[in-house]
Amino acid sequence: MTRKSTWTNADGLVVGFGPNFAERNEAGVHDTDGQVKEARLAITWESSGANVAIPAGSVVLDVIMKVGTAWVGGTSVSVGDGSDGDGWISTTQGATASLTAGATIRAGGAYAVGGTDATAKALGKVYATADTLDVAFAGTYTAGDADIIVRYI
């Protein structure tokens with residue numbers, strides 16, 4: 001959802017009222033153990049089009065969704081990329097019934113280590129070129145929030 005009312009003041013600054021969720025949907029990245037980095041993205045039921053940027057040459061090791069407030073109203077929340085929309089967290093894993101307050105959902109889609117995709121080896125999925133991991137909603141949600149955590153090297 002974007003701001004409902006914006007204008008540019010005399011100094012050239014864009015001023016607006018109302019929520020601007022698109023600006024909140026940027027993943028913060030920090031180093032963890034050794035070369036492993038972790039990107040965290042806070043999403044809400046209003047976060048359509050949320051994604052996590054993956055740099056070229058990265059190997060994604062794991063994707064985790066930690067639910068804060070229970071999700072209400074939709075069908076599922078999934079995480080994938082342009083090749084497989086639910087390759088990391090599948091629509092089955094992210095079904096609304098599983099999105100209860102405090103739930104932790106670990107990648108179990110085709111890309112997850114041990115998954116069915118040919119690239120899912122013991123080291124995770126290699127992204128030779130820059131890409132994004134995309135969060136997709138099926139159905140219309142009216143409540144819910146979660147953190148998406150992507151671990152990569």
# chains A, B, ... in the order shown; residues from 1 in each chain; ligands from 1

$ closest_atom_pairs --of "range 43-83 of chain A" --to "range 132-144 of chain A" --cutoff "7 Å" --atoms "only C-alpha atoms" --output "JSON lines"
{"residue": "A:Thr44", "atom": "CA", "partner": "A:Gly144", "partner_atom": "CA", "distance": 5.7}
{"residue": "A:Trp45", "atom": "CA", "partner": "A:Gly144", "partner_atom": "CA", "distance": 5.2}
{"residue": "A:Gly49", "atom": "CA", "partner": "A:Val135", "partner_atom": "CA", "distance": 6.7}
{"residue": "A:Ala50", "atom": "CA", "partner": "A:Val135", "partner_atom": "CA", "distance": 5.5}
{"residue": "A:Asn51", "atom": "CA", "partner": "A:Asp134", "partner_atom": "CA", "distance": 4.4}
{"residue": "A:Val52", "atom": "CA", "partner": "A:Leu133", "partner_atom": "CA", "distance": 5.1}
{"residue": "A:Ala53", "atom": "CA", "partner": "A:Thr132", "partner_atom": "CA", "distance": 4.4}
{"residue": "A:Ile54", "atom": "CA", "partner": "A:Thr132", "partner_atom": "CA", "distance": 5.4}
{"residue": "A:Thr69", "atom": "CA", "partner": "A:Gly144", "partner_atom": "CA", "distance": 4.9}
{"residue": "A:Ala70", "atom": "CA", "partner": "A:Gly144", "partner_atom": "CA", "distance": 5.0}
{"residue": "A:Trp71", "atom": "CA", "partner": "A:Gly144", "partner_atom": "CA", "distance": 3.9}
{"residue": "A:Val72", "atom": "CA", "partner": "A:Ala143", "partner_atom": "CA", "distance": 5.2}
{"residue": "A:Gly73", "atom": "CA", "partner": "A:Tyr141", "partner_atom": "CA", "distance": 4.5}
{"residue": "A:Gly74", "atom": "CA", "partner": "A:Gly139", "partner_atom": "CA", "distance": 4.2}
{"residue": "A:Thr75", "atom": "CA", "partner": "A:Gly139", "partner_atom": "CA", "distance": 5.1}
{"residue": "A:Ser76", "atom": "CA", "partner": "A:Ala138", "partner_atom": "CA", "distance": 5.1}
{"residue": "A:Val77", "atom": "CA", "partner": "A:Phe137", "partner_atom": "CA", "distance": 4.7}
{"residue": "A:Ser78", "atom": "CA", "partner": "A:Ala136", "partner_atom": "CA", "distance": 5.3}
{"residue": "A:Val79", "atom": "CA", "partner": "A:Val135", "partner_atom": "CA", "distance": 4.6}
{"residue": "A:Gly80", "atom": "CA", "partner": "A:Leu133", "partner_atom": "CA", "distance": 5.3}
{"residue": "A:Asp81", "atom": "CA", "partner": "A:Leu133", "partner_atom": "CA", "distance": 4.8}

$ select_by_dssp --residues "range 65-141 of chain A" --states "strand (DSSP E or B)" --output "PyMOL selection string"
chain A and resi 65-67+72+76-80+89+95+104-106+121+124-127+131-138

$ residues_around --residues "Ile64 in chain A" --least-positions-apart "4" --cutoff "10 Å" --atoms "only C-alpha atoms" --output "compact mmCIF listing (two decimals) with N, CA and C atoms, in the first residue's frame"
# COMPACT_ATOMS: atom_id res chain seq x y z
N ARG A 40 17.18 -10.05 6.83
CA ARG A 40 15.89 -10.12 7.53
C ARG A 40 14.94 -9.11 6.91
N VAL A 79 7.50 -18.29 -0.37
CA VAL A 79 8.74 -17.59 -0.72
C VAL A 79 9.45 -18.41 -1.79
N TRP A 88 11.28 -22.04 -1.96
CA TRP A 88 11.88 -22.07 -0.62
C TRP A 88 10.83 -22.42 0.42
N ILE A 89 9.82 -21.60 0.60
CA ILE A 89 8.72 -21.94 1.51
C ILE A 89 7.50 -22.15 0.63
N THR A 104 7.31 -21.07 13.58
CA THR A 104 8.54 -20.96 12.80
C THR A 104 8.45 -21.95 11.66
N ILE A 105 8.58 -21.45 10.43
CA ILE A 105 8.49 -22.30 9.25
C ILE A 105 9.83 -22.27 8.54
N ARG A 106 10.48 -23.42 8.42
CA ARG A 106 11.78 -23.53 7.77
C ARG A 106 11.57 -24.05 6.34
N ALA A 107 12.40 -23.56 5.42
CA ALA A 107 12.29 -23.93 4.00
C ALA A 107 12.12 -25.43 3.83
N GLY A 108 11.13 -25.79 3.03
CA GLY A 108 10.85 -27.18 2.73
C GLY A 108 10.43 -27.35 1.29
N ALA A 146 5.17 -11.24 9.98
CA ALA A 146 6.23 -12.24 10.13
C ALA A 146 7.57 -11.63 9.73
N ASP A 147 8.64 -12.30 10.11
CA ASP A 147 9.99 -11.97 9.66
C ASP A 147 10.45 -13.08 8.74
N ILE A 148 10.97 -12.69 7.59
CA ILE A 148 11.59 -13.63 6.66
C ILE A 148 13.09 -13.53 6.87
N ILE A 149 13.75 -14.64 7.13
CA ILE A 149 15.18 -14.67 7.37
C ILE A 149 15.82 -15.55 6.30
N VAL A 150 16.77 -14.95 5.56
CA VAL A 150 17.46 -15.66 4.50
C VAL A 150 18.93 -15.76 4.89
N ARG A 151 19.46 -16.99 4.97
CA ARG A 151 20.87 -17.21 5.29
C ARG A 151 21.59 -17.58 4.01

$ closest_residue --among "A:Gly68, A:Gly57, A:Gly16, A:Gly34" --to "Ala101 in chain A" --atoms "only C-alpha atoms"
A:Gly68

$ residues_around --residues "Trp7 in chain A" --least-positions-apart "5" --cutoff "10 Å" --atoms "only C-alpha atoms" --output "list in words"
Gly12, Leu13, Val14, Val15, Gly16 and Phe17 of chain A

$ atom_distance --atom1 "CA of Gln93 in chain A" --atom2 "CA of Ser47 in chain A"
18.9 Å
